[in-house]
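S.K.: Dropping in entry_22.txt, with compact mmCIF, C-alpha atoms and all ligand atoms.
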# COMPACT_ATOMS: atom_id res chain seq x y z
CA MET A 27 -20.37 -27.16 57.23
CA SER A 28 -21.04 -28.19 60.82
CA PRO A 29 -18.30 -27.93 63.43
CA ASP A 30 -18.23 -31.71 63.70
CA THR A 31 -17.19 -31.90 60.04
CA TYR A 32 -13.73 -31.49 61.45
CA LYS A 33 -12.00 -34.67 62.34
CA GLU A 34 -8.77 -34.95 64.21
CA PRO A 35 -6.00 -34.36 61.67
CA ALA A 36 -4.86 -37.66 60.18
CA PRO A 37 -1.67 -38.87 61.88
CA TYR A 38 1.43 -38.78 59.75
CA HIS A 39 2.27 -42.17 58.25
CA LYS A 40 2.81 -44.54 61.13
CA GLY A 41 6.42 -44.59 62.07
CA GLU A 42 7.20 -41.49 59.98
CA ALA A 43 8.62 -38.31 61.42
CA ASN A 44 6.28 -35.33 61.06
CA PRO A 45 7.25 -32.98 58.19
CA PHE A 46 9.26 -30.64 60.42
CA GLU A 47 11.21 -33.54 61.91
CA SER A 48 11.68 -34.94 58.41
CA MET A 49 13.19 -31.61 57.34
CA LEU A 50 15.39 -31.51 60.46
CA ILE A 51 16.80 -35.01 59.85
CA ARG A 52 18.22 -33.88 56.50
CA PHE A 53 19.17 -30.44 57.82
CA ASP A 54 21.09 -32.02 60.73
CA LYS A 55 23.00 -34.34 58.40
CA ALA A 56 23.91 -31.47 56.09
CA CYS A 57 25.02 -29.25 58.99
CA LYS A 58 27.29 -32.03 60.26
CA MET A 59 28.85 -32.57 56.84
CA TYR A 60 29.32 -28.81 56.41
CA ASN A 61 30.59 -28.51 59.97
CA LEU A 62 28.30 -25.59 60.76
CA ASP A 63 29.04 -23.63 63.92
CA PRO A 64 26.70 -24.92 66.70
CA GLY A 65 25.45 -21.40 67.47
CA LEU A 66 24.48 -20.80 63.86
CA TYR A 67 22.93 -24.27 63.77
CA ASN A 68 20.65 -23.34 66.68
CA TYR A 69 19.77 -20.07 64.97
CA LEU A 70 18.84 -21.68 61.65
CA LYS A 71 17.08 -24.68 63.09
CA GLN A 72 13.99 -22.91 64.42
CA PRO A 73 11.72 -20.34 62.77
CA VAL A 74 12.17 -16.74 63.93
CA LYS A 75 8.43 -16.13 64.20
CA GLN A 76 5.34 -18.33 64.52
CA VAL A 77 1.89 -16.76 64.52
CA ILE A 78 -1.32 -18.69 65.24
CA ILE A 79 -4.60 -16.84 64.78
CA SER A 80 -8.30 -17.46 65.18
CA ILE A 81 -10.38 -16.59 62.15
CA PRO A 82 -14.11 -16.13 62.82
CA VAL A 83 -16.31 -16.38 59.73
CA HIS A 84 -20.08 -15.96 59.36
CA MET A 85 -20.99 -18.93 57.19
CA ASP A 86 -23.76 -18.75 54.55
CA ASP A 87 -26.21 -20.50 56.85
CA GLY A 88 -25.74 -17.83 59.55
CA ARG A 89 -23.55 -19.89 61.88
CA LEU A 90 -20.32 -18.44 63.19
CA GLU A 91 -17.41 -20.75 62.51
CA VAL A 92 -13.90 -20.24 63.88
CA PHE A 93 -10.89 -21.44 61.88
CA GLU A 94 -7.26 -21.71 62.93
CA GLY A 95 -4.68 -19.92 60.77
CA TYR A 96 -0.89 -19.90 60.76
CA ARG A 97 1.99 -17.86 59.40
CA VAL A 98 5.51 -18.98 60.15
CA ILE A 99 8.58 -16.94 59.23
CA HIS A 100 11.56 -19.25 59.19
CA ASP A 101 14.07 -16.50 58.49
CA ASN A 102 14.58 -13.17 56.78
CA ILE A 103 18.36 -13.27 56.43
CA LEU A 104 18.56 -13.01 52.63
CA GLY A 105 15.64 -10.56 52.42
CA PRO A 106 11.90 -10.37 53.08
CA SER A 107 10.39 -13.77 53.79
CA LYS A 108 8.51 -15.51 51.00
CA GLY A 109 6.18 -18.45 50.80
CA GLY A 110 2.71 -19.67 49.97
CA ILE A 111 -0.48 -20.17 51.97
CA ARG A 112 -2.29 -23.50 51.99
CA TYR A 113 -5.89 -24.24 52.87
CA ALA A 114 -6.37 -27.82 54.04
CA PRO A 115 -8.28 -29.70 56.75
CA ASP A 116 -5.14 -31.37 58.09
CA VAL A 117 -2.65 -28.48 57.95
CA ASP A 118 -1.01 -27.80 61.33
CA ILE A 119 1.79 -25.71 62.79
CA GLU A 120 4.41 -28.50 62.41
CA GLU A 121 3.68 -28.80 58.70
CA VAL A 122 3.78 -25.03 58.23
CA LYS A 123 7.10 -24.85 60.12
CA ALA A 124 8.61 -27.48 57.80
CA LEU A 125 7.27 -25.75 54.72
CA ALA A 126 8.63 -22.38 55.93
CA SER A 127 12.14 -23.79 56.40
CA TRP A 128 12.01 -25.45 53.00
CA MET A 129 11.20 -22.02 51.52
CA SER A 130 14.37 -20.59 53.12
CA TRP A 131 16.53 -23.28 51.57
CA LYS A 132 14.65 -23.07 48.26
CA CYS A 133 15.17 -19.30 47.94
CA ALA A 134 18.86 -19.63 48.87
CA ILE A 135 19.41 -22.32 46.21
CA ALA A 136 17.49 -20.32 43.59
CA ASN A 137 19.66 -17.31 44.36
CA ILE A 138 16.74 -14.99 44.99
CA PRO A 139 16.86 -12.35 47.76
CA PHE A 140 14.23 -13.86 50.04
CA GLY A 141 14.00 -15.65 53.36
CA GLY A 142 11.44 -18.38 53.94
CA ALA A 143 7.88 -18.38 55.24
CA LYS A 144 4.66 -20.32 54.93
CA GLY A 145 1.04 -19.89 55.93
CA GLY A 146 -1.95 -22.11 56.32
CA VAL A 147 -5.56 -22.26 57.40
CA LYS A 148 -7.15 -25.43 58.74
CA CYS A 149 -10.30 -25.59 56.59
CA ASP A 150 -11.85 -27.64 53.83
CA PRO A 151 -12.21 -25.27 50.87
CA SER A 152 -14.05 -27.92 48.81
CA LYS A 153 -16.95 -27.56 51.26
CA MET A 154 -16.96 -23.75 51.37
CA SER A 155 -18.70 -21.21 49.13
CA GLN A 156 -16.79 -18.43 47.35
CA SER A 157 -18.19 -15.89 49.76
CA GLU A 158 -17.09 -17.93 52.82
CA LEU A 159 -13.62 -18.32 51.30
CA GLU A 160 -13.43 -14.60 50.63
CA LYS A 161 -14.38 -13.72 54.22
CA LEU A 162 -11.88 -16.27 55.55
CA THR A 163 -9.09 -14.89 53.36
CA ARG A 164 -9.78 -11.25 54.18
CA ARG A 165 -9.93 -11.89 57.94
CA TYR A 166 -6.75 -14.00 57.77
CA THR A 167 -5.01 -11.15 55.91
CA SER A 168 -6.22 -8.41 58.23
CA SER A 169 -5.02 -10.39 61.27
CA LEU A 170 -1.58 -10.54 59.70
CA LEU A 171 -1.24 -6.93 58.52
CA GLU A 172 1.80 -6.39 60.72
CA VAL A 173 3.48 -9.46 59.28
CA PHE A 174 2.74 -9.10 55.55
CA GLY A 175 4.28 -6.40 53.37
CA PRO A 176 6.25 -6.09 50.12
CA ASP A 177 9.44 -5.48 52.13
CA THR A 178 8.72 -7.84 55.00
CA ASP A 179 6.76 -10.99 54.15
CA ILE A 180 5.23 -11.84 50.79
CA PRO A 181 2.67 -14.65 50.52
CA ALA A 182 1.76 -16.65 47.39
CA PRO A 183 -0.46 -19.57 46.40
CA ASP A 184 0.07 -23.10 47.66
CA MET A 185 -2.22 -26.12 48.00
CA ASN A 186 -5.90 -25.13 47.49
CA THR A 187 -5.26 -21.40 47.14
CA ASN A 188 -5.28 -19.65 43.77
CA GLU A 189 -5.15 -16.34 41.89
CA GLN A 190 -8.51 -15.25 43.27
CA VAL A 191 -7.35 -15.80 46.86
CA MET A 192 -4.20 -13.75 46.08
CA ALA A 193 -6.37 -10.95 44.63
CA TRP A 194 -8.38 -10.81 47.89
CA ILE A 195 -5.17 -10.66 49.92
CA MET A 196 -3.82 -7.84 47.76
CA ASP A 197 -7.09 -5.93 48.03
CA THR A 198 -7.45 -6.34 51.81
CA TYR A 199 -3.86 -5.23 52.44
CA SER A 200 -4.28 -2.30 50.01
CA MET A 201 -7.53 -1.13 51.65
CA HIS A 202 -5.69 -0.81 54.97
CA ALA A 203 -2.65 0.85 53.34
CA ARG A 204 -4.99 3.33 51.56
CA LYS A 205 -3.22 2.62 48.28
CA THR A 206 -2.82 -0.30 45.89
CA VAL A 207 0.15 -2.41 46.95
CA THR A 208 0.56 -5.09 44.28
CA GLY A 209 3.95 -6.30 45.57
CA VAL A 210 2.53 -7.61 48.86
CA VAL A 211 1.58 -10.96 47.31
CA THR A 212 2.53 -12.97 44.23
CA GLY A 213 0.61 -15.41 42.07
CA LYS A 214 -1.99 -12.71 41.35
CA PRO A 215 -4.15 -12.59 38.21
CA LEU A 216 -2.26 -11.06 35.29
CA ILE A 217 -4.48 -7.97 35.06
CA ILE A 218 -3.72 -6.87 38.62
CA GLY A 219 0.04 -7.16 38.65
CA GLY A 220 0.56 -10.87 38.09
CA SER A 221 3.41 -12.19 35.97
CA ARG A 222 3.14 -13.98 32.68
CA GLY A 223 4.23 -17.58 33.10
CA ARG A 224 3.58 -17.72 36.88
CA THR A 225 0.81 -20.35 36.73
CA GLU A 226 2.95 -22.75 34.71
CA ALA A 227 6.21 -21.87 36.48
CA THR A 228 6.47 -24.73 39.01
CA GLY A 229 5.71 -27.38 36.37
CA ARG A 230 8.07 -25.69 33.91
CA GLY A 231 10.80 -25.74 36.57
CA VAL A 232 10.18 -29.47 37.16
CA MET A 233 10.63 -30.05 33.43
CA ILE A 234 13.85 -27.99 33.35
CA ALA A 235 15.27 -29.86 36.37
CA THR A 236 14.34 -33.21 34.78
CA MET A 237 16.09 -32.28 31.52
CA ALA A 238 19.21 -31.22 33.43
CA ALA A 239 19.23 -34.51 35.38
CA LEU A 240 18.78 -36.61 32.23
CA GLU A 241 21.69 -34.78 30.65
CA LYS A 242 23.91 -35.66 33.65
CA LYS A 243 22.81 -39.27 33.28
CA GLY A 244 23.50 -39.20 29.54
CA VAL A 245 19.96 -40.31 28.73
CA LYS A 246 17.79 -38.76 25.99
CA PRO A 247 14.24 -37.70 26.98
CA GLU A 248 12.74 -39.70 24.08
CA GLU A 249 14.22 -42.86 25.57
CA THR A 250 12.42 -42.40 28.89
CA THR A 251 9.03 -43.06 30.44
CA CYS A 252 7.53 -41.13 33.33
CA ALA A 253 4.84 -41.47 36.03
CA VAL A 254 3.38 -38.33 37.58
CA GLN A 255 1.58 -38.49 40.92
CA GLY A 256 -0.92 -35.63 41.27
CA PHE A 257 -2.64 -33.85 38.40
CA GLY A 258 -3.10 -30.39 39.89
CA ASN A 259 -1.29 -27.32 38.64
CA VAL A 260 2.19 -28.77 39.23
CA GLY A 261 1.60 -32.37 38.08
CA SER A 262 -0.40 -31.58 34.97
CA VAL A 263 1.96 -28.87 33.69
CA SER A 264 5.04 -31.02 34.44
CA ALA A 265 3.45 -33.91 32.50
CA LYS A 266 2.51 -31.67 29.59
CA LEU A 267 5.94 -30.05 29.25
CA LEU A 268 7.83 -33.34 29.73
CA ALA A 269 5.67 -34.92 27.01
CA GLU A 270 6.54 -31.98 24.73
CA LYS A 271 10.21 -32.84 25.30
CA GLY A 272 9.59 -36.39 24.09
CA VAL A 273 9.20 -38.17 27.45
CA LYS A 274 6.48 -40.84 27.32
CA ILE A 275 4.06 -40.26 30.23
CA VAL A 276 2.87 -43.77 31.15
CA ALA A 277 0.99 -43.01 34.37
CA VAL A 278 -0.83 -40.11 36.03
CA SER A 279 -3.05 -39.91 39.11
CA ASP A 280 -5.27 -37.60 41.12
CA VAL A 281 -7.85 -37.95 43.91
CA SER A 282 -9.79 -40.42 41.72
CA GLY A 283 -6.79 -42.81 41.61
CA GLY A 284 -4.13 -43.68 39.05
CA TYR A 285 -4.14 -44.52 35.34
CA TYR A 286 -1.46 -46.54 33.55
CA ASN A 287 -0.96 -46.83 29.81
CA LYS A 288 2.30 -48.23 28.54
CA GLU A 289 1.66 -46.73 25.07
CA GLY A 290 1.71 -43.25 26.64
CA ILE A 291 -1.09 -40.97 27.86
CA ASP A 292 -2.37 -38.07 25.77
CA ILE A 293 -1.71 -35.33 28.34
CA PRO A 294 -3.41 -32.36 26.61
CA LYS A 295 -6.51 -34.56 26.31
CA ALA A 296 -6.33 -35.49 30.02
CA ILE A 297 -5.97 -31.80 30.95
CA GLU A 298 -9.04 -30.96 28.82
CA TYR A 299 -10.95 -33.78 30.53
CA VAL A 300 -10.13 -32.45 34.01
CA LYS A 301 -11.15 -28.92 33.00
CA LYS A 302 -14.58 -30.25 31.99
CA ASN A 303 -15.13 -32.91 34.65
CA GLY A 304 -13.21 -31.66 37.67
CA SER A 305 -11.02 -34.78 37.97
CA LEU A 306 -9.67 -37.74 35.98
CA LYS A 307 -12.53 -39.95 37.24
CA ASN A 308 -13.79 -42.18 34.39
CA ALA A 309 -11.27 -40.67 31.93
CA LYS A 310 -10.47 -43.40 29.40
CA ILE A 311 -6.75 -42.81 29.39
CA GLY A 312 -5.38 -46.09 30.72
CA ASN A 313 -5.83 -49.01 33.10
CA LYS A 314 -6.96 -48.10 36.59
CA ILE A 315 -4.24 -48.41 39.25
CA THR A 316 -3.98 -47.09 42.79
CA ASN A 317 -1.85 -44.13 43.81
CA GLU A 318 0.48 -46.57 45.61
CA GLU A 319 0.84 -48.69 42.47
CA LEU A 320 1.69 -45.59 40.47
CA LEU A 321 4.69 -44.91 42.70
CA GLU A 322 5.98 -48.44 42.13
CA CYS A 323 5.13 -48.75 38.42
CA ASP A 324 7.59 -49.47 35.65
CA CYS A 325 8.97 -46.09 34.57
CA TYR A 326 12.30 -44.26 34.31
CA ILE A 327 11.23 -40.95 35.87
CA LEU A 328 8.88 -40.53 38.83
CA VAL A 329 7.45 -37.08 39.56
CA PRO A 330 5.64 -37.02 42.93
CA ALA A 331 3.61 -33.81 42.63
CA ALA A 332 0.86 -34.39 45.19
CA LYS A 333 1.68 -34.07 48.88
CA GLU A 334 4.07 -34.93 51.69
CA ASP A 335 5.33 -38.36 52.75
CA GLN A 336 4.33 -40.39 49.69
CA ILE A 337 7.63 -42.23 49.31
CA THR A 338 8.44 -43.80 52.66
CA GLY A 339 10.59 -46.44 54.31
CA SER A 340 7.86 -48.95 53.51
CA ASN A 341 7.57 -48.50 49.73
CA ALA A 342 10.95 -46.99 48.74
CA SER A 343 12.61 -50.34 48.12
CA ARG A 344 9.90 -51.25 45.57
CA ILE A 345 10.36 -48.12 43.44
CA LYS A 346 11.55 -48.94 39.92
CA ALA A 347 12.19 -45.41 38.64
CA ARG A 348 15.84 -44.38 38.19
CA LEU A 349 15.15 -40.69 38.64
CA ILE A 350 12.77 -38.98 41.08
CA VAL A 351 11.99 -35.30 40.56
CA GLU A 352 10.06 -33.86 43.52
CA GLY A 353 7.30 -31.58 42.24
CA ALA A 354 5.57 -31.48 45.66
CA ASN A 355 7.12 -30.21 48.89
CA GLY A 356 8.35 -33.07 51.07
CA PRO A 357 6.99 -36.04 49.06
CA THR A 358 9.85 -38.25 50.30
CA ALA A 359 9.93 -39.02 54.02
CA ALA A 360 13.39 -39.04 55.58
CA SER A 361 12.97 -42.78 56.28
CA ALA A 362 13.04 -43.46 52.51
CA ASP A 363 16.39 -41.77 51.85
CA LYS A 364 18.68 -44.71 52.63
CA PHE A 365 16.65 -47.14 50.44
CA LEU A 366 16.71 -44.78 47.47
CA GLU A 367 20.40 -44.13 47.93
CA ARG A 368 21.14 -47.86 48.17
CA LYS A 369 19.26 -48.44 44.93
CA GLY A 370 21.25 -45.67 43.23
CA ILE A 371 18.11 -43.67 42.37
CA MET A 372 18.91 -40.04 41.64
CA VAL A 373 16.56 -37.74 43.58
CA ILE A 374 16.19 -34.10 42.55
CA PRO A 375 14.95 -32.66 45.85
CA ASP A 376 11.89 -30.44 46.23
CA ILE A 377 13.95 -27.41 47.31
CA LEU A 378 15.54 -27.46 43.85
CA ALA A 379 13.00 -29.25 41.62
CA ASN A 380 9.92 -27.20 42.47
CA SER A 381 11.62 -23.81 42.85
CA GLY A 382 10.26 -22.58 39.48
CA GLY A 383 7.18 -21.24 41.28
CA VAL A 384 9.01 -19.04 43.73
CA ILE A 385 11.50 -17.93 41.05
CA VAL A 386 8.69 -16.53 38.91
CA SER A 387 7.11 -15.14 42.11
CA TYR A 388 10.35 -13.22 42.50
CA PHE A 389 9.99 -11.99 38.89
CA GLU A 390 6.43 -10.92 39.69
CA TRP A 391 7.57 -8.96 42.75
CA VAL A 392 10.33 -7.30 40.70
CA GLN A 393 7.87 -6.38 37.91
CA ASP A 394 5.38 -4.99 40.45
CA ARG A 395 8.08 -2.80 41.95
CA LEU A 396 9.26 -1.67 38.52
CA GLY A 397 5.74 -1.16 37.21
CA TYR A 398 7.04 -2.70 33.99
CA PHE A 399 5.94 -6.12 32.80
CA TRP A 400 7.86 -8.68 30.77
CA ASP A 401 6.60 -10.86 27.96
CA GLU A 402 6.26 -14.62 28.41
CA PRO A 403 9.38 -15.76 26.50
CA ASP A 404 11.38 -13.33 28.62
CA VAL A 405 9.99 -14.84 31.85
CA ASN A 406 10.52 -18.41 30.62
CA ASN A 407 14.09 -17.76 29.44
CA ARG A 408 15.05 -16.13 32.73
CA LEU A 409 13.46 -19.05 34.60
CA MET A 410 15.41 -21.54 32.50
CA ARG A 411 18.70 -19.73 33.17
CA MET A 412 18.12 -19.51 36.92
CA MET A 413 16.93 -23.12 37.29
CA ASN A 414 19.88 -24.46 35.31
CA GLU A 415 22.30 -22.39 37.36
CA ALA A 416 20.70 -23.63 40.60
CA PHE A 417 20.90 -27.22 39.34
CA GLU A 418 24.61 -26.85 38.51
CA ASN A 419 25.36 -25.31 41.94
CA VAL A 420 23.61 -28.16 43.75
CA TYR A 421 25.26 -30.76 41.53
CA LYS A 422 28.71 -29.29 42.26
CA SER A 423 27.96 -29.18 45.99
CA ALA A 424 26.85 -32.85 45.92
CA MET A 425 30.05 -33.79 44.06
CA GLN A 426 32.27 -31.79 46.41
CA TYR A 427 30.76 -33.41 49.52
CA GLU A 428 30.38 -36.79 47.80
CA THR A 429 26.73 -36.95 48.73
CA THR A 430 23.22 -37.01 47.30
CA MET A 431 21.59 -34.13 45.44
CA ARG A 432 19.32 -33.62 48.47
CA LEU A 433 22.15 -33.15 50.95
CA GLY A 434 24.12 -31.22 48.33
CA ALA A 435 21.15 -28.84 48.07
CA TYR A 436 20.90 -28.40 51.85
CA ILE A 437 24.65 -27.81 52.12
CA TYR A 438 24.58 -25.20 49.34
CA ALA A 439 21.71 -23.38 51.09
CA ILE A 440 23.27 -23.62 54.57
CA ASP A 441 26.59 -22.29 53.23
CA LYS A 442 24.90 -19.30 51.65
CA VAL A 443 22.53 -18.41 54.48
CA SER A 444 25.18 -18.85 57.19
CA LYS A 445 27.70 -16.70 55.26
CA VAL A 446 25.16 -13.89 54.93
CA LEU A 447 24.21 -14.28 58.59
CA LYS A 448 27.87 -13.92 59.60
CA LEU A 449 28.29 -10.84 57.40
CA ARG A 450 25.18 -9.17 58.78
CA GLY A 451 26.10 -10.21 62.31
CA ILE A 452 23.80 -10.67 65.26
CA TYR A 453 22.18 -7.45 66.43
CA GLY A 454 21.94 -6.99 70.15
N1 LIG B 501 3.97 -22.32 47.27
C1 LIG B 501 5.05 -22.33 46.34
C2 LIG B 501 6.22 -23.12 46.90
O1 LIG B 501 6.06 -23.96 47.77
C3 LIG B 501 5.44 -20.94 45.87
C4 LIG B 501 5.85 -19.99 46.93
C5 LIG B 501 6.04 -18.55 46.44
O2 LIG B 501 5.92 -18.33 45.25
O3 LIG B 501 6.29 -17.71 47.28
O4 LIG B 501 7.33 -23.01 46.44
Just give me the structure of the file as structure tokens.
Ligand code: GLU
M.R.:
Amino acid sequence: MSPDTYKEPAPYHKGEANPFESMLIRFDKACKMYNLDPGLYNYLKQPVKQVIISIPVHMDDGRLEVFEGYRVIHDNILGPSKGGIRYAPDVDIEEVKALASWMSWKCAIANIPFGGAKGGVKCDPSKMSQSELEKLTRRYTSSLLEVFGPDTDIPAPDMNTNEQVMAWIMDTYSMHARKTVTGVVTGKPLIIGGSRGRTEATGRGVMIATMAALEKKGVKPEETTCAVQGFGNVGSVSAKLLAEKGVKIVAVSDVSGGYYNKEGIDIPKAIEYVKKNGSLKNAKIGNKITNEELLECDCYILVPAAKEDQITGSNASRIKARLIVEGANGPTAASADKFLERKGIMVIPDILANSGGVIVSYFEWVQDRLGYFWDEPDVNNRLMRMMNEAFENVYKSAMQYETTMRLGAYIYAIDKVSKVLKLRGIYG
């Protein structure tokens, strides 16, 4: 890959706030409704630590390439900070800051003893060899040895990082520690301290949150249709598990575009197809539509499970779904909120809907520390209990403050984190 492969990061949707501002717009509203002390507001608004590093890598063709890497710790009030690492050409510090704060709120809502963090490296992994990715990952990890640790900051997979990347992180950290430290990272392969059910966990959580929302609405899953944007780990598993519950999946999409079939798409077949062919391109599963059309198609449930800022002020008023369950982080820009609210669309926010991943990451960390591993039904049952409890807590908070599930979720998290912060006090 030549250095000029890198283009300026694409600007956020014209007129949209960047992801961190988008997070702050909701956070500010929730703080006002909750009447949070201004000092605590200032404390919780900004991350406690932001690290930017240079990662030199000898590429396969002998050139030396330098990548930019980030790790942002939003807070460590509830416990060690937790959050994934994403590899993407357009990732930047603002996006990582937003994602780190979302992790804080997500962990607080899920009732797990973690603060929030996120990492990223500006690179295009689709254009890199395994050996280049390994060198990049190991150098990134070794530059962050003082930050990472099972009791301090615990990374995990996110966009374009996987079990193999987690294994390299675990190994690099362990080599420096002169012992195997499995609990330093989650989302590892099962045979080196991973947890059963971790790969499916985010999608399973999306399914559980959707079922809980349908129950509140008094609608049976078999009476509903659903469109899923994104067919990666989160989108495909959400679609598969929702279909198993009787929901008819009428549209799916990935980088190759969208596919609509009002008779319902055979999801296991689509998953098989992607395994063989790398994407849904040319899969005969429905009529070709664009990703934009998918968001606006005729369906009851919409699961945006791709990336940030997909539902915006410009398309929100055309959305027909009655329920949006956010599989991705930040798929709805703040500018869309008022349109969705006006239309009475129930939105299960990312910080609740996609928390299945970090909940099972917590289980993985616990199992690593215990050295005792649970079977899959055990993991899935615990996940179901915790997700349902989190859903109820957010629902109650939304009712109490007569607001949306999104603001209810923020308020629940702010209440919890600020109470713990007051109890611990400010040192110094
Ligand atoms: N990257 C996932 C998320 O955004 C999982 C984070 C984790 O397991 O720590 O929730």
S.K.: Can you tell me, as a list of chain:residue names, what residues are no more than 7 Å from segment 55-58 of chain A when counting only C-alpha atoms, ignoring any on the same chain fewer than 6 positions away?
M.R.: A:Leu433, A:Tyr436, A:Ile437
S.K.: Quick one: residues within 9 Å of ligand LIG 501 (chain B), with only C-alpha atoms and all ligand atoms, as a ChimeraX atom specification?
M.R.: /A:107-112,125-126,128-129,132-133,142-144,180-185,211-213,224,228,354-355,376-377,380-388
S.K.: Kindly indicate which residue among A:Val276, A:Val98, A:Met372, A:Ala193 lies nearest to Cys252 of chain A, using all atoms listed in the file for the distances.
M.R.: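 Closest to Cys252 of chain A of all the choices is A:Val276.
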S.K.: Emit as JSON the padded axis-aligned box for all listed atoms of segment 248-259 of chain A, 3 Å per side, with centre and edge lengths in Å to one decimal.
M.R.:
{"center_x": 5.6, "center_y": -35.2, "center_z": 32.7, "size_x": 23.3, "size_y": 21.7, "size_z": 23.2}
S.K.: Return the single residue from A:Asp101, A:Glu120, A:Phe93, A:Ser264 that is closest to Asp150 of chain A, with distances computed using all atoms listed in the file.
M.R.: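 Going through A:Asp101, A:Glu120, A:Phe93, A:Ser264 one by one, the smallest distance to Asp150 of chain A is for A:Phe93.
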S.K.: Calculate how many Å separate atom CA of Gly312 of chain A from atom CA of Ile345 of chain A, rounding to one decimal.
M.R.: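 Pair atom CA of Gly312 of chain A / atom CA of Ile345 of chain A returns 20.3 Å.
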S.K.: Can you measure atom CA of Glu319 of chain A to atom CA of Gln336 of chain A for me? One decimal in Å is fine.
M.R.: 11.5 Å
S.K.: Have a look at atom CA of Gly284 of chain A and atom CA of Glu322 of chain A and let me know their distance in Å, one decimal.
M.R.: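 We find that atom CA of Gly284 of chain A and atom CA of Glu322 of chain A lie 11.6 Å from each other.
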S.K.: Rank A:Glu172, A:Asp54, A:Glu241, A:Glu428 by their smallest atom-to-atom distance to Asn414 of chain A, using all atoms listed in the file, and report the top residue only.
M.R.: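 Ranked by minimum distance to Asn414 of chain A, first place goes to A:Glu241.
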S.K.: So that I can see what lies close to Trp194 of chain A, please list as a PyMOL selection string the residues with an atom at most 10 Å from it, counting only C-alpha atoms and leaving out residues fewer than 4 positions away in the same chain.
M.R.: chain A and resi 159-161+163-164+167+189-190+198-200+211+214
S.K.: Which is closer to Ile327 of chain A than all the others in A:Glu352, A:Asp292, A:Asp177, A:Glu270, using only C-alpha atoms?
M.R.: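 Among the listed residues, A:Glu352 lies closest to Ile327 of chain A.
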S.K.: For His100 of chain A, which of A:Lys274, A:Val443, A:Asn61, A:Ile218 is the closest residue, counting all atoms listed in the file?
M.R.: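 Checking each candidate against His100 of chain A, we get A:Val443 as the closest.
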S.K.: Which residues of segment 254-294 of chain A sit at most 9 Å from segment 300-307 of chain A, using all atoms listed in the file? Give each one's shortest atom pair and distance in Å (one decimal place), in chain and ascending residue order, as JSON lines.
M.R.:
{"residue": "A:Phe257", "atom": "CA", "partner": "A:Leu306", "partner_atom": "CA", "distance": 8.4}
{"residue": "A:Ser279", "atom": "CA", "partner": "A:Leu306", "partner_atom": "CA", "distance": 7.6}
{"residue": "A:Asp280", "atom": "CA", "partner": "A:Leu306", "partner_atom": "CA", "distance": 6.8}
{"residue": "A:Val281", "atom": "CA", "partner": "A:Ser305", "partner_atom": "CA", "distance": 7.4}
{"residue": "A:Ser282", "atom": "CA", "partner": "A:Lys307", "partner_atom": "CA", "distance": 5.3}
{"residue": "A:Gly283", "atom": "CA", "partner": "A:Lys307", "partner_atom": "CA", "distance": 7.8}
{"residue": "A:Gly284", "atom": "CA", "partner": "A:Leu306", "partner_atom": "CA", "distance": 8.7}
{"residue": "A:Tyr285", "atom": "CA", "partner": "A:Leu306", "partner_atom": "CA", "distance": 8.8}
S.K.: Do you know which residues lie at most 9 Å from (-6.6, -13.0, 60.6), with coordinates as in the file and only C-alpha atoms counted, and could you write them as a list of chain:residue names?
M.R.: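 The distance filter leaves exactly A:Ile79, A:Ser80, A:Ile81, A:Pro82, A:Gly95, A:Tyr96, A:Leu162, A:Thr163, A:Arg164, A:Arg165, A:Tyr166, A:Thr167, A:Ser168, A:Ser169, A:Leu170, A:Leu171.
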